[in-house]
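> Got a structure for you, written out below as structure tokens; questions coming shortly.
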Amino acid sequence: MVACGPSRFVSRGVVIFEMAGVRVTLESGGISHYRWDEHTQIYFQHGWVHTWAPPLLLKNTTAEVEIYRAGEDQQILKPVPEPRWTWAYHRELEHFIKHVRTDQPFRSSGEDSLTDVRLYEEIYKKFLDIS
């Protein structure tokens with residue numbers, strides 16, 4: 001851990017693991033930066049999709065998306081998510097409440113998140129050298 005102020009700590013590191021035969025890297029760190037920087041990039045044989053999450057509490061900000069298609073007609077697309085002027089996390093909460101009230105299935109069950117959280121906890125405990 002690296003100290004970043006009087007009582008603030010940031011862990012930095014890279015973890016490389018394999019999921020279903022696909023190599024995955026998970027990076028974390030801290031930097032003096034003008035904005036929230038949380039992004040995901042997924043590579044395919046002929047391109048990638050790169051997304052940037054909006055800051056958690058900032059309203060009227062959408063996620064950013066970049067799609068790269070390789071080949072003879074290379075393209076980089078930057079679609080603007082709709083609706084543009086909204087609060088992504090408020091919409092997420094509205095979706096959750098609607099589906100709980102109506103007993104409709106969710107677009108994403110969240111079951112895979114249990115594995116994600118368990119994995120992140122194992123990595124962090126190993127970093128702290130605790131069981």
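Labels for the structure tokens follow display order: chains A, B, ..., residues from 1 in each chain, ligands from 1.
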Find the residues around stretch 18-28 of chain A up to 10 Å (only C-alpha atoms counted), leave out those fewer than 2 positions away in its own chain, and share them as a list of chain:residue names.
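Surrounding residues, per the criterion: A:Val10, A:Ser11, A:Arg12, A:Gly13, A:Val14, A:Val15, A:Ile16, A:Gly30, A:Glu38, A:Thr40, A:Ile42, A:Tyr120.
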> List every residue of stretch 24-118 of chain A that has an atom at most 10 Å from any atom of stretch 122-130 of chain A, giving for each one its closest atom pair and the distance in Å to one decimal, counting only C-alpha atoms, sorted by chain and then by ascending residue number, as a tab-separated table.

```
residue	atom	partner	partner_atom	distance
A:Asp116	CA	A:Glu122	CA	9.9
A:Val117	CA	A:Glu122	CA	8.6
A:Arg118	CA	A:Glu122	CA	6.3
```
> Using only C-alpha atoms, find the one residue out of A:Gln74, A:Ala88, A:Gln41, A:Val49 that sits nearest to A:Thr62.
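Nearest to A:Thr62: A:Ala88.
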> What's around A:Trp36 at 10 Å? Count only C-alpha atoms, leave out sequence neighbours fewer than 4 positions away in its own chain, and write the answer as a CSV table (one decimal) with N, CA and C atoms, in the first residue's frame.

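The new file around.csv reads:
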```
chain,number,residue,atom,x,y,z
A,52,TRP,N,-15.9,3.4,-20.3
A,52,TRP,CA,-15.5,4.2,-19.2
A,52,TRP,C,-16.8,4.4,-18.4
A,53,ALA,N,-16.7,4.1,-17.1
A,53,ALA,CA,-17.9,4.3,-16.2
A,53,ALA,C,-18.0,5.7,-15.8
A,54,PRO,N,-19.2,6.3,-15.7
A,54,PRO,CA,-19.4,7.6,-15.2
A,54,PRO,C,-19.0,7.7,-13.7
A,55,PRO,N,-18.6,8.9,-13.3
A,55,PRO,CA,-18.4,9.0,-11.8
A,55,PRO,C,-19.7,8.7,-11.1
A,56,LEU,N,-19.5,8.1,-9.9
A,56,LEU,CA,-20.7,7.5,-9.2
A,56,LEU,C,-21.8,8.5,-8.9
A,58,LEU,N,-22.0,11.8,-10.0
A,58,LEU,CA,-22.1,12.9,-10.9
A,58,LEU,C,-23.3,12.7,-11.8
```
> So that I can see what lies close to A:His90, please list as a short mmCIF file (atom, residue, chain, number, x, y, z; two decimals) with N, CA and C atoms, in the first residue's frame the residues with an atom at most 12 Å from it, counting only C-alpha atoms and leaving out residues fewer than 3 positions away in the same chain.

```
data_model
loop_
_atom_site.label_atom_id
_atom_site.label_comp_id
_atom_site.auth_asym_id
_atom_site.auth_seq_id
_atom_site.Cartn_x
_atom_site.Cartn_y
_atom_site.Cartn_z
N LEU A 56 -19.54 8.06 -9.92
CA LEU A 56 -20.69 7.52 -9.20
C LEU A 56 -21.77 8.55 -8.87
N LEU A 57 -21.42 9.70 -8.36
CA LEU A 57 -22.44 10.64 -7.90
C LEU A 57 -22.62 11.84 -8.82
N LEU A 58 -21.98 11.82 -9.96
CA LEU A 58 -22.10 12.94 -10.88
C LEU A 58 -23.32 12.74 -11.78
N LYS A 59 -24.23 13.69 -11.74
CA LYS A 59 -25.45 13.60 -12.56
C LYS A 59 -25.18 14.13 -13.96
N ASN A 60 -26.06 13.79 -14.88
CA ASN A 60 -25.99 14.26 -16.27
C ASN A 60 -24.70 13.88 -16.97
N THR A 61 -24.21 12.71 -16.65
CA THR A 61 -23.00 12.20 -17.31
C THR A 61 -23.25 10.76 -17.72
N THR A 62 -22.96 10.45 -18.96
CA THR A 62 -23.16 9.08 -19.44
C THR A 62 -21.84 8.32 -19.40
N TRP A 85 -28.69 12.98 -20.96
CA TRP A 85 -28.68 13.82 -19.76
C TRP A 85 -29.49 13.17 -18.66
N THR A 86 -28.83 12.29 -17.96
CA THR A 86 -29.48 11.55 -16.89
C THR A 86 -28.43 11.11 -15.89
N TRP A 87 -28.86 10.47 -14.84
CA TRP A 87 -27.95 9.98 -13.82
C TRP A 87 -27.97 8.46 -13.90
N LEU A 93 -31.06 2.22 -10.14
CA LEU A 93 -31.90 2.03 -8.96
C LEU A 93 -33.37 1.93 -9.36
N GLU A 94 -33.82 2.77 -10.28
CA GLU A 94 -35.20 2.70 -10.77
C GLU A 94 -35.50 1.33 -11.37
N HIS A 95 -34.57 0.81 -12.15
CA HIS A 95 -34.72 -0.51 -12.77
C HIS A 95 -34.87 -1.57 -11.67
N PHE A 96 -34.02 -1.50 -10.65
CA PHE A 96 -34.06 -2.47 -9.56
C PHE A 96 -35.40 -2.44 -8.85
N ILE A 97 -35.84 -1.24 -8.47
CA ILE A 97 -37.11 -1.11 -7.74
C ILE A 97 -38.28 -1.60 -8.59
#
```
> Please report, as a ChimeraX atom specification, each residue of stretch 43-97 of chain A to which DSSP assigns strand (DSSP E or B) when run on this structure's backbone.
/A:43-44,47-52,61,64-69,75-77,87
> With only C-alpha atoms as the counted atoms, please give the residues lying no more than 8 Å from A:Gly47, apart from itself and same-chain residues fewer than 6 positions off, as a PyMOL selection string.
chain A and resi 67-70
> Please identify which residues in stretch 9-124 of chain A DSSP calls helix (DSSP H, G or I) from the backbone, and express them as a compact mmCIF listing (two decimals) with N, CA and C atoms, in the first residue's frame.

```
# COMPACT_ATOMS: atom_id res chain seq x y z
N ALA A 88 -26.90 7.86 -14.41
CA ALA A 88 -26.86 6.43 -14.69
C ALA A 88 -27.21 5.59 -13.46
N TYR A 89 -26.70 5.96 -12.30
CA TYR A 89 -26.93 5.14 -11.12
C TYR A 89 -28.34 5.31 -10.57
N HIS A 90 -28.97 6.43 -10.83
CA HIS A 90 -30.38 6.62 -10.47
C HIS A 90 -31.24 5.73 -11.36
N ARG A 91 -30.93 5.68 -12.65
CA ARG A 91 -31.67 4.79 -13.57
C ARG A 91 -31.50 3.34 -13.16
N GLU A 92 -30.30 2.97 -12.72
CA GLU A 92 -30.05 1.60 -12.26
C GLU A 92 -30.94 1.27 -11.06
N LEU A 93 -31.06 2.22 -10.14
CA LEU A 93 -31.90 2.03 -8.96
C LEU A 93 -33.37 1.93 -9.36
N GLU A 94 -33.82 2.77 -10.28
CA GLU A 94 -35.20 2.70 -10.77
C GLU A 94 -35.50 1.33 -11.37
N HIS A 95 -34.57 0.81 -12.15
CA HIS A 95 -34.72 -0.51 -12.77
C HIS A 95 -34.87 -1.57 -11.67
N PHE A 96 -34.02 -1.50 -10.65
CA PHE A 96 -34.06 -2.47 -9.56
C PHE A 96 -35.40 -2.44 -8.85
N ILE A 97 -35.84 -1.24 -8.47
CA ILE A 97 -37.11 -1.11 -7.74
C ILE A 97 -38.28 -1.60 -8.59
N LYS A 98 -38.31 -1.24 -9.87
CA LYS A 98 -39.38 -1.67 -10.76
C LYS A 98 -39.47 -3.20 -10.81
N HIS A 99 -38.34 -3.85 -10.93
CA HIS A 99 -38.35 -5.31 -11.07
C HIS A 99 -38.64 -6.02 -9.75
N VAL A 100 -38.26 -5.42 -8.64
CA VAL A 100 -38.62 -6.00 -7.34
C VAL A 100 -40.13 -5.89 -7.13
N ARG A 101 -40.70 -4.72 -7.46
CA ARG A 101 -42.14 -4.51 -7.27
C ARG A 101 -43.00 -5.39 -8.18
N THR A 102 -42.54 -5.61 -9.41
CA THR A 102 -43.35 -6.35 -10.37
C THR A 102 -42.94 -7.82 -10.47
N GLU A 111 -25.74 -12.90 -10.08
CA GLU A 111 -25.13 -14.10 -9.51
C GLU A 111 -23.63 -14.16 -9.76
N ASP A 112 -23.20 -13.73 -10.96
CA ASP A 112 -21.78 -13.75 -11.26
C ASP A 112 -21.00 -12.77 -10.38
N SER A 113 -21.68 -11.77 -9.84
CA SER A 113 -21.02 -10.79 -8.98
C SER A 113 -20.54 -11.42 -7.68
N LEU A 114 -21.23 -12.46 -7.21
CA LEU A 114 -20.79 -13.14 -5.99
C LEU A 114 -19.39 -13.71 -6.18
N THR A 115 -19.15 -14.31 -7.34
CA THR A 115 -17.83 -14.84 -7.64
C THR A 115 -16.81 -13.71 -7.74
N ASP A 116 -17.19 -12.61 -8.38
CA ASP A 116 -16.30 -11.46 -8.52
C ASP A 116 -15.87 -10.93 -7.15
N VAL A 117 -16.85 -10.72 -6.27
CA VAL A 117 -16.55 -10.17 -4.95
C VAL A 117 -15.67 -11.13 -4.16
N ARG A 118 -15.98 -12.41 -4.22
CA ARG A 118 -15.16 -13.41 -3.52
C ARG A 118 -13.72 -13.38 -4.04
N LEU A 119 -13.55 -13.28 -5.36
CA LEU A 119 -12.23 -13.23 -5.95
C LEU A 119 -11.47 -11.97 -5.51
N TYR A 120 -12.13 -10.81 -5.55
CA TYR A 120 -11.50 -9.56 -5.14
C TYR A 120 -11.09 -9.61 -3.67
N GLU A 121 -11.93 -10.21 -2.83
CA GLU A 121 -11.59 -10.34 -1.41
C GLU A 121 -10.36 -11.22 -1.22
N GLU A 122 -10.28 -12.34 -1.96
CA GLU A 122 -9.12 -13.22 -1.86
C GLU A 122 -7.85 -12.49 -2.28
N ILE A 123 -7.92 -11.74 -3.37
CA ILE A 123 -6.75 -10.99 -3.84
C ILE A 123 -6.33 -9.97 -2.80
N TYR A 124 -7.27 -9.23 -2.24
CA TYR A 124 -6.95 -8.19 -1.26
C TYR A 124 -6.39 -8.79 0.02
```
